[in-house]
>>> print(open('target-v6.cif').read())   # mmCIF, C-alpha atoms
data_data
#
loop_
_atom_site.label_atom_id
_atom_site.label_comp_id
_atom_site.auth_asym_id
_atom_site.auth_seq_id
_atom_site.Cartn_x
_atom_site.Cartn_y
_atom_site.Cartn_z
CA MET A 68 -103.15 36.79 -24.59
CA THR A 69 -106.48 37.80 -23.17
CA LEU A 70 -109.30 35.37 -22.82
CA PHE A 71 -112.46 37.08 -21.63
CA ASN A 72 -110.24 40.01 -20.66
CA ILE A 73 -108.30 37.89 -18.15
CA LYS A 74 -104.76 39.16 -17.97
CA ASN A 75 -103.33 36.73 -15.43
CA LYS A 76 -101.50 33.99 -17.38
CA LYS A 77 -101.92 31.42 -14.57
CA THR A 78 -105.68 31.88 -14.58
CA VAL A 79 -105.86 31.53 -18.38
CA LYS A 80 -103.71 28.39 -18.24
CA HIS A 81 -105.86 26.91 -15.48
CA LEU A 82 -109.09 27.69 -17.36
CA THR A 83 -107.69 26.17 -20.55
CA LYS A 84 -106.71 22.95 -18.75
CA THR A 85 -110.13 22.77 -17.09
CA LEU A 86 -111.96 23.27 -20.39
CA VAL A 87 -109.86 20.63 -22.13
CA ALA A 88 -110.37 18.14 -19.30
CA THR A 89 -114.12 18.81 -19.33
CA ALA A 90 -114.28 18.35 -23.11
CA ILE A 91 -112.41 15.03 -22.86
CA LEU A 92 -114.68 13.84 -20.06
CA LEU A 93 -117.85 14.76 -21.95
CA PHE A 94 -116.54 13.03 -25.08
CA ALA A 95 -115.71 9.90 -23.09
CA ILE A 96 -119.17 9.83 -21.49
CA THR A 97 -121.07 10.30 -24.74
CA TYR A 98 -118.77 8.03 -26.75
CA SER A 99 -119.01 5.11 -24.34
CA SER A 100 -121.51 2.66 -25.70
CA ASN A 101 -124.64 1.90 -23.80
CA ALA A 102 -125.15 -1.36 -25.71
CA GLN A 103 -127.01 -4.19 -24.02
CA LEU A 104 -127.17 -7.64 -25.55
CA ALA A 105 -129.11 -10.84 -24.97
CA PRO A 106 -129.32 -14.10 -26.93
CA LEU A 107 -132.37 -14.02 -29.19
CA ASN A 108 -135.00 -16.72 -28.60
CA MET A 109 -135.47 -18.39 -31.96
CA PRO A 110 -138.81 -19.66 -33.25
CA GLN A 111 -139.46 -23.41 -33.44
CA SER A 112 -140.39 -23.31 -37.13
CA ASP A 113 -139.99 -21.06 -40.16
CA THR A 114 -143.57 -19.82 -39.91
CA SER A 115 -144.04 -19.37 -36.16
CA TRP A 116 -143.16 -16.64 -33.68
CA SER A 117 -140.63 -17.32 -30.95
CA ALA A 118 -141.59 -17.65 -27.31
CA PRO A 119 -141.60 -14.24 -25.62
CA GLN A 120 -138.44 -13.33 -23.78
CA THR A 121 -138.06 -10.60 -21.19
CA MET A 122 -135.09 -8.28 -21.10
CA VAL A 123 -134.36 -5.60 -18.50
CA LEU A 124 -132.96 -2.50 -20.17
CA LYS A 125 -130.81 0.05 -18.38
CA SER A 126 -130.97 3.67 -19.38
CA HIS A 127 -127.86 5.73 -19.87
CA TRP A 128 -128.74 7.49 -16.60
CA GLY A 129 -129.25 4.36 -14.47
CA GLY A 130 -132.97 3.46 -14.50
CA THR A 131 -134.24 0.02 -15.53
CA GLN A 132 -137.31 -1.13 -17.41
CA GLU A 133 -138.55 -4.41 -18.91
CA VAL A 134 -139.30 -5.16 -22.54
CA GLU A 135 -140.71 -8.33 -24.08
CA ILE A 136 -139.19 -9.56 -27.34
CA THR A 137 -140.53 -12.04 -29.89
CA CYS A 138 -139.29 -12.73 -33.39
CA LYS A 139 -140.17 -14.51 -36.59
CA LEU A 140 -137.78 -15.50 -39.38
CA ILE A 141 -138.66 -13.99 -42.75
CA LYS A 142 -135.87 -15.44 -44.91
CA HIS A 143 -132.13 -16.12 -45.06
CA TYR A 144 -130.54 -14.47 -48.12
CA GLY A 145 -126.92 -15.44 -48.80
CA THR A 146 -125.18 -14.11 -45.67
CA THR A 147 -128.12 -12.18 -44.18
CA GLY A 148 -130.94 -13.48 -42.02
CA LYS A 149 -133.99 -11.25 -42.05
CA PHE A 150 -136.28 -11.27 -38.99
CA GLU A 151 -139.47 -9.55 -37.96
CA VAL A 152 -138.90 -8.53 -34.34
CA GLN A 153 -141.61 -7.30 -32.00
CA ILE A 154 -140.69 -5.26 -28.92
CA THR A 155 -143.30 -4.62 -26.23
CA ASN A 156 -142.68 -2.01 -23.54
CA LYS A 157 -143.62 -3.65 -20.21
CA GLY A 158 -142.55 -0.75 -18.00
CA PRO A 159 -144.34 2.41 -16.88
CA LYS A 160 -142.21 4.90 -18.84
CA LYS A 161 -141.83 5.62 -22.55
CA LEU A 162 -138.76 4.11 -24.24
CA THR A 163 -136.43 5.64 -26.81
CA GLY A 164 -133.38 3.94 -28.33
CA TYR A 165 -131.95 1.74 -31.06
CA VAL A 166 -132.30 -2.01 -31.61
CA GLY A 167 -130.41 -4.40 -33.89
CA LEU A 168 -129.21 -7.98 -34.35
CA VAL A 169 -125.62 -9.21 -34.11
CA MET A 170 -123.93 -12.61 -34.31
CA GLY A 171 -122.46 -14.26 -31.27
CA GLY A 172 -122.83 -11.37 -28.86
CA GLY A 173 -120.26 -8.92 -30.23
CA TRP A 174 -121.71 -5.53 -29.25
CA LYS A 175 -119.13 -3.77 -31.42
CA ASP A 176 -120.99 -5.14 -34.45
CA LEU A 177 -123.97 -2.97 -33.51
CA ASN A 178 -123.60 -0.06 -35.88
CA TYR A 179 -126.02 2.48 -37.19
CA ASN A 180 -126.18 0.84 -40.64
CA ASN A 181 -128.26 -2.04 -39.32
CA LEU A 182 -130.12 -0.56 -36.35
CA ALA A 183 -133.74 0.51 -36.07
CA HIS A 184 -134.78 3.50 -33.97
CA PHE A 185 -137.80 3.59 -31.70
CA ASN A 186 -138.94 6.87 -30.19
CA ARG A 187 -141.11 7.22 -27.09
CA LEU A 188 -142.63 3.73 -27.19
CA GLY A 189 -145.43 3.95 -24.61
CA ALA A 190 -146.13 1.58 -21.74
CA ASN A 191 -147.77 -1.68 -22.94
CA TYR A 192 -147.38 -0.66 -26.59
CA TRP A 193 -145.44 -2.72 -29.12
CA ILE A 194 -143.57 -2.02 -32.31
CA ARG A 195 -142.31 -4.33 -35.05
CA PHE A 196 -139.15 -4.00 -37.10
CA ASN A 197 -137.62 -5.98 -39.94
CA LEU A 198 -134.06 -6.48 -38.70
CA GLU A 199 -131.10 -8.07 -40.45
CA LEU A 200 -128.56 -10.47 -38.99
CA ARG A 201 -125.59 -9.75 -41.24
CA GLY A 202 -122.54 -11.89 -41.94
CA CYS A 203 -124.31 -15.17 -41.16
CA LEU A 204 -122.48 -17.82 -43.18
CA PRO A 205 -122.39 -21.09 -41.15
CA LYS A 206 -120.49 -24.18 -42.20
CA GLY A 207 -122.59 -26.90 -43.82
CA ARG A 208 -125.22 -24.36 -44.86
CA SER A 209 -126.10 -26.15 -48.11
CA LYS A 210 -127.92 -28.86 -46.11
CA MET A 211 -129.58 -26.47 -43.63
CA THR A 212 -132.95 -24.79 -43.61
CA ASP A 213 -133.09 -21.00 -43.31
CA LEU A 214 -133.94 -21.29 -39.62
CA GLU A 215 -131.04 -23.68 -38.94
CA LYS A 216 -128.63 -21.29 -40.69
CA CYS A 217 -129.74 -18.41 -38.49
CA LYS A 218 -129.64 -20.52 -35.31
CA ALA A 219 -126.06 -21.58 -36.14
CA CYS A 220 -124.99 -17.91 -36.13
CA MET A 221 -126.16 -17.45 -32.50
CA PRO A 222 -128.09 -14.20 -32.98
CA HIS A 223 -128.20 -11.67 -30.17
CA ILE A 224 -130.53 -8.72 -29.90
CA GLY A 225 -128.86 -5.48 -28.93
CA PHE A 226 -130.21 -2.21 -27.60
CA ALA A 227 -128.20 1.01 -27.67
CA GLU A 228 -128.66 4.52 -26.28
CA VAL A 229 -131.78 3.57 -24.33
CA ASN A 230 -133.57 6.33 -22.45
CA PHE A 231 -136.84 6.55 -20.53
CA ASP A 232 -139.26 9.48 -20.49
#
>>> encode(input="target-v6.cif", output="structure tokens")
Amino acid sequence: MTLFNIKNKKTVKHLTKTLVATAILLFAITYSSNAQLAPLNMPQSDTSWSAPQTMVLKSHWGGTQEVEITCKLIKHYGTTGKFEVQITNKGPKKLTGYVGLVMGGGWKDLNYNNLAHFNRLGANYWIRFNLELRGCLPKGRSKMTDLEKCKACMPHIGFAEVNFD
């Protein structure tokens, strides 16, 4: 067997092992989730915005930057709470990443079916998304308001694959 015209079998074997190990390492690095979660501040009423909350995001490469988050409940439909979420970049660099809502802080529930993508959000700029809190079916829901139903599901906001420019 000749790989790049290398005839020494030990060298080919060593190169093959090195390439496989590198491929596994790269896969593990890119596969590992960079999800960051925080409990979502809920509004006081169905028609108001929540108090701003600050969250420090970490990039995949180690830097940190602050964002400010506020939200407003739109409606609770069956098992889904729909929110309008505003994210303001409070840091000096542009932000890129994904944002979504999950119940109870399970970052594994962050999947690309219910995430919104923001790309190069500039310093002191904001963006709004309509995000869904899925699977929210609290006990005693027939006597609850939409806001109470969503509060009972303990929503968390999650950021994934955050990078700074």
>>> residues_around(input="target-v6.cif", residues="Leu162 in chain A", least_positions_apart="3", cutoff="6 Å", atoms="all atoms listed in the file", output="ChimeraX atom specification")
/A:187-188,230-231
>>> resolve_selection(input="target-v6.cif", expression="the PyMOL selection byres ((chain A and resi 218) around 12)", output="ChimeraX atom specification")
/A:106-113,140,143,148,150,170-171,200,203-205,208,211-217,219-223
>>> atom_distance(input="target-v6.cif", atom1="CA of Gln132 in chain A", atom2="CA of Asn156 in chain A")
8.2 Å
>>> closest_residue(input="target-v6.cif", among="A:Lys160, A:His184, A:Ala190, A:Tyr165", to="Gly130 in chain A", atoms="only C-alpha atoms")
A:Lys160
>>> residues_around(input="target-v6.cif", residues="Leu182 in chain A", least_positions_apart="2", cutoff="8 Å", atoms="only C-alpha atoms", output="PyMOL selection string")
chain A and resi 165-168+177-180+184+198
>>> axis_aligned_box(input="target-v6.cif", around="range 129-141 of chain A", padding_each_side="8 Å", output="JSON")
{"center_x": -135.0, "center_y": -5.6, "center_z": -28.6, "size_x": 27.5, "size_y": 35.9, "size_z": 44.3}
>>> closest_residue(input="target-v6.cif", among="A:Ser209, A:Gln103, A:Thr155, A:Thr114", to="Asn191 in chain A", atoms="all atoms listed in the file")
A:Thr155
>>> atom_distance(input="target-v6.cif", atom1="CA of Leu124 in chain A", atom2="CA of Lys142 in chain A")
28.1 Å
>>> residues_near_point(input="target-v6.cif", point="(-138.0, -4.5, -22.6)", cutoff="12 Å", atoms="all atoms listed in the file", output="ChimeraX atom specification")
/A:103-105,119-126,131-137,153-164,166,188-194,224-226,229-231
>>> resolve_selection(input="target-v6.cif", expression="the PyMOL selection byres ((chain A and resi 138) around 6)", output="list in words")
Trp116, Ser117, Thr137, Lys139, Glu151 and Val152 of chain A
>>> atom_distance(input="target-v6.cif", atom1="CA of Lys210 in chain A", atom2="CA of Asn181 in chain A")
27.7 Å
